[in-house]
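Student: This is the structure, below, for whatever I ask next.
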Amino acid sequence: MILDPLSSQAVCVEPSAEANVLSRRAFLKAGAAGGGGLLLSLRLPFAKGDAAAADEFAPNAFIRIDGNGQIVLTMPYVEMGQGTYTAIPMLIAEELEVDLTQVRLEHAPPNERLYGNPLLGGVQATGNSNAVRASWQPLREAGAVARTMLIAAAAKRWNVDPTFCPAQSGAVLHPPTGRRLTYGELAADAAQIPVPNNVALKRPQDFKLIGTPAKRLDTAGKVNGSAVYGIDARPPAVKIATLAQSPVFGGRVKSVDDAAAKAVKGVRQIVRLDDAVAVVADHMGAAKKGLAALKIEWDDGPHANLEVPAIAAELDKATLNPGAVAQNIGDVGSAMASAVTKVEAIYQVPFLAHATMEPMNCTVHVRRDGCEIWVGSQAVARCQAAAAEVTGLPLDKVVVHNHLIGGGFGRRLESDGVARAVEIAKQVDGPVKVVWTREEDIQHDMYRPYWFDRISAGLDANGMPVAWNNRFAGSSIIARYLPPAFNNGLDPDTTEGAIHLAYALPNLHVEYVRVEPPGIPTAFWRSVGPSHNVFVTESFMDELAAAAKQDALAYRLALLGNAPRAKAVLVLAAEKAGWGEPLPERVGRGVALQFVFATYMAQVAEVEVAKDGTVRVRRVVCAVDCGTVVNPDTVRAQIQSAIIFGITAALHGNITLKNGRVEQTNFDTYQMLRMNEAPAIDVHIVQNVEPPGGMGEAGTSAIVPAVANAIFAATGKRLRKMPVDSAVLKQPA
Amino acid sequence: MATTIKVNGVDRTVDVDGDTPLLWVLRDVLGMTGTKFGCGMALCGACTVHLDGVAIRSCITPIDSIGSSAITTIEAIGATAAGARIQKAWLDREVVQCGYCQSGQIMSASALLASNPHPNDSDIDAAMSGNICRCGTYVRIREAIKQAAQTSGQGG
């Protein structure tokens, strides 16, 4: 998505680029830690302002080896269930030659200058499937440096040649004499050793941890109720609040009658804001009862009549005029003119809510001289900044306690909930936990944008594409979230998956028109730009195959002559799925291929369309090449997860507006895939030694076109608008 | 009005309206935060607890409807045979991702296993389809329940 040098790196790096010997003086420093330990401070590369790194060293990750041998890593990524807290320590443990259990991970305090994510333009955030991608090289290097220094300290003490002192299981050995010193015993000495200028990283064939299915380190507390999420924070004497925000975005509170609410047992206070009302109580039961008893009149404001078709019509209009050119190859105009067949289509994807299982919440204690916050966030520095802005306090007077996250998916990259909770807490004496009801959570989300695509292609006499022309319109999240990364009408997220396709297309032209919808906020959503682009490109590729009367798999393969990794995953997925084998009536297979988040992925979905039009995804086969696999079990888990997330969107996901109000309220009207609808999912991993690609999101973008293409195979109906409309799939009597 | 309920074998007296859902009594009054809030309408199963061994949604269970029945929550389910097997299977199979829904999943699965030591796929669908997992861990939940059932032995 953003300023992602690794995604291009993954394409061009030779597989043999291992046993790297790199200079890292500018990226790493060592010193003594308190209590006789060794402290390595390092800077993840590519971050904002790294051009000046030679002048000023600003580390953003720390490795401490204590006198007792405990290894502590402080780093800015958060665990959302994606296994980051297991995969990242594996990188250090591998090079340090220690067991995974010896590495403890501490989450960094908010400080954007120090902990900004290099792949998120310096924002301190976890997203875009890049925690492992960004850490892969620097954390292994840091581990290797620490190992080298510990070995040097041991060799010095024994007065022997360090080449004869291997490290093993948290200790340095001298086999000729049988001597052994633990890292804890060596840490203080190692802190006095100069940082070596060049160290060798382990070769992939020597990896002991990387590539093995390590057990997740964060799960024990999640099966017995002891894990503490943001919503579980309980500072002493905390009150519980819930809220009603203007049902129309941009509306205001006109009047509040709170007499009945105040009479509810346990209700302590009613807080009125410009555009929201909160009920503060002893417990959520009383707060909800109080909220239901409030009589609020709203001034709906300028968006009182907004509906989604009006937004779609604006986007439609926008695609009639030129946009910013995201990619151009050859000359589409003349190629289109000489084409034998022309295929045109319009694709649309809806607004979507995140619907994290943990509803939005934030606990705040505002004091005259400071503000304390308990929250689960993907972007903790943003929370700190939001609270500072609302309170008028300096940043260093805002303390943020980050917690486990009950689902992120992009929702918790935003700090709107923190700002709202702080507004309420400013009027409350003591700490208050503000908890969104599910209805507030869904109706006041920041949504995956609605996108509208106008796409066309020209085919030659053999049915192969000679021209590909795609222009699409919709919101740019980057333009709001990270304005410096939005340049010349483009950003790297909104177009990902629409450009740099794996296929060899001789003439290609892709344009993007930024249109921000009125009256409905937008945000990153799992698989971000590709969530929309891959649906369009892979559905349209399927249309071209059908127009050419060719098999959807063979047609794609014919275009992959220059993309061996893409071809390999496509062939593997098709083979494992039994592509071409006969299926019953109204059952079909659909395929999709993508290269996004620096990961190659192909999926084959097998769907069954009932006579009444109901679609059931029976089985999904996924083949993935995400470069070096750090934790294969996590890769499988993330793909299973992302596929379920994508099927939910394809079959059920649709946020609509009526009179400016989001119509969906809870899991009855905004449905999630459930156990009885979950398909069998087979994941096949292509092993290689390329740098790691992202894993948390790729499965979501690939499954949507695979399902749509399978529906076409089963019924002959091409669905160009998500979610699936089962009414059009009904079998005629 | 004070109400006494038995939670994990201990009598607890709370002073809240009789129609207050059990969920909020557990979480906000008694400080037992392992039971989760997801929807407030019995649509997602995150708040599942046991009432005399049967899985119920605490978000729609008024405190005054409980009487002398025994409530078991995620904090104590490991002390039951079925609960312990389910928890172990959850860890062995690496079911958990964000983990937020898993208290409810484990409570539903434990109740299933206690009443039906060898559930088939449709039994699992029937018992577990009321529990939403946004991380989509369904494939592994199904495997884990089957693993736990294999270790059930006679009579669960």
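Ordering of the structure tokens sets the chain letters (A, B, ...), residue numbers begin anew at 1 in every chain, and ligands are numbered from 1 in the order given.
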Per residue of chain A within 6 Å of chain B, note the shortest atom pair and the distance in Å to one decimal, counting only C-alpha atoms, and order the rows by chain and increasing residue number, as a Markdown table.

Tutor:
| residue | atom | partner | partner_atom | distance |
| --- | --- | --- | --- | --- |
| A:Met80 | CA | B:Cys98 | CA | 5.1 |
| A:Gly81 | CA | B:Cys98 | CA | 3.6 |
| A:Lys222 | CA | B:Gly99 | CA | 5.4 |
| A:Asn224 | CA | B:Glu75 | CA | 5.5 |
| A:Gly225 | CA | B:Gly34 | CA | 3.7 |
| A:Asp232 | CA | B:Thr33 | CA | 5.7 |
| A:His283 | CA | B:Asp28 | CA | 5.4 |
| A:Met284 | CA | B:Trp24 | CA | 5.9 |
| A:Gly285 | CA | B:Thr20 | CA | 5.6 |
| A:Met357 | CA | B:Gly38 | CA | 5.8 |
| A:Gly406 | CA | B:Tyr100 | CA | 4.9 |
| A:Gly407 | CA | B:Cys98 | CA | 5.7 |
| A:Arg438 | CA | B:Cys39 | CA | 5.1 |
| A:Ser641 | CA | B:Gly136 | CA | 4.5 |
| A:Ile644 | CA | B:Gly136 | CA | 5.2 |
| A:Arg674 | CA | B:Ser129 | CA | 5.5 |
| A:Met675 | CA | B:Ser129 | CA | 4.9 |
| A:Asn676 | CA | B:Asp125 | CA | 5.0 |

Student: Would you list the contacts of segment 342-345 of chain A as a list in words, taking every protein, DNA or RNA residue within 6 Å and counting only C-alpha atoms, but skipping same-chain residues closer than 4 positions in sequence?

Tutor: Ile455, Ser456, Ala457 and Gly458 of chain A

Student: Between atom CA of Ser527 of chain A and atom CA of Pro449 of chain A, what is the distance, to one decimal in Å?

Tutor: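 If I compute the distance from atom CA of Ser527 of chain A to atom CA of Pro449 of chain A, I get 12.2 Å.
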
Student: Hey, which of A:Ala558, A:Ala87, A:Leu181, A:Leu651 ends up closest to Ala678 of chain A? Count only C-alpha atoms.

Tutor: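 Smallest separation from Ala678 of chain A among the options: A:Leu651.
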
Student: For atom CA of Leu544 of chain A and atom CA of Ala680 of chain A, determine how far apart the two atoms are, in Å to one decimal place.

Tutor: 29.0 Å

Student: Which residue is closest to Phe535 of chain A? Choose from A:Phe62, A:Tyr600, A:Phe667, A:Tyr347 and count only C-alpha atoms.

Tutor: A:Tyr347

Student: For Ala623 of chain A, list every protein, DNA or RNA residue within 8 Å, evaluated using only C-alpha atoms, and leave out those in the same chain fewer than 5 positions away; present the list as an MDAnalysis selection string.

Tutor: chainID A and resid 569:570 572:573 601:603 683:686

Student: Kindly give the distance, in Å, that separates atom CA of Val72 of chain A and atom CA of Phe164 of chain A, rounded to a single decimal.

Tutor: 27.3 Å

Student: For a quick check of understanding, using only C-alpha atoms, which of A:Gly613, A:Gly529, A:Gly410, A:Gly489 has the smallest distance to Thr126 of chain A?

Tutor: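 Between A:Gly613, A:Gly529, A:Gly410, A:Gly489, the residue approaching Thr126 of chain A most closely is A:Gly410.
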
Student: What residues in chain B get the DSSP label alpha helix (DSSP H)? Please answer as a ChimeraX atom specification.

Tutor: /B:22-24,81-92,102-115,121-128,138-150

Student: With a distance cut-off of 12 Å and only C-alpha atoms, select the neighbouring residues of Arg412 of chain A, excluding the residue or stretch itself and same-chain residues fewer than 5 positions from it, and output the selection as a ChimeraX atom specification.

Tutor: /A:78-80,125-127,230,354-356,358-362,375-383,402-407,417-418,445-446,523-526

Student: Please write the residues from the selection above to a file, keeping C-alpha atoms, as a CSV table (one decimal), in the first residue's frame.

Tutor:
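Below is the file selection.csv, written as the result:
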chain,number,residue,atom,x,y,z
A,78,VAL,CA,0.8,-4.9,17.5
A,79,GLU,CA,-0.7,-8.4,17.8
A,80,MET,CA,-4.2,-8.5,16.3
A,125,ALA,CA,1.0,1.6,12.8
A,126,THR,CA,0.5,-2.0,12.1
A,127,GLY,CA,-1.2,-2.6,8.8
A,230,GLY,CA,-9.0,-2.7,25.5
A,354,HIS,CA,-15.2,-3.7,9.7
A,355,ALA,CA,-17.4,-5.2,12.3
A,356,THR,CA,-14.5,-6.2,14.6
A,358,GLU,CA,-14.7,-6.3,20.0
A,359,PRO,CA,-16.9,-3.2,19.5
A,360,MET,CA,-15.1,0.2,19.5
A,361,ASN,CA,-14.3,1.3,22.9
A,362,CYS,CA,-11.8,3.5,24.8
A,375,VAL,CA,-7.3,1.2,24.3
A,376,GLY,CA,-6.4,-1.5,21.8
A,377,SER,CA,-5.0,0.2,18.8
A,378,GLN,CA,-3.1,-0.5,15.6
A,379,ALA,CA,-1.7,3.0,15.6
A,380,VAL,CA,-1.0,4.0,19.2
A,381,ALA,CA,0.8,7.3,18.4
A,382,ARG,CA,-2.4,8.5,16.5
A,383,CYS,CA,-4.4,7.8,19.7
A,402,ASN,CA,-2.2,-0.3,24.5
A,403,HIS,CA,-4.1,-3.5,24.8
A,404,LEU,CA,-4.8,-6.7,22.9
A,405,ILE,CA,-7.1,-6.0,19.9
A,406,GLY,CA,-10.3,-7.9,19.4
A,407,GLY,CA,-10.0,-7.5,15.6
A,417,GLY,CA,-13.0,6.6,18.7
A,418,VAL,CA,-10.3,7.9,21.0
A,445,ASP,CA,-17.7,3.0,11.3
A,446,MET,CA,-15.3,4.5,8.7
A,523,ALA,CA,-10.9,4.0,5.9
A,524,PHE,CA,-8.6,1.1,5.3
A,525,TRP,CA,-10.2,-2.3,5.3
A,526,ARG,CA,-8.6,-5.7,5.2
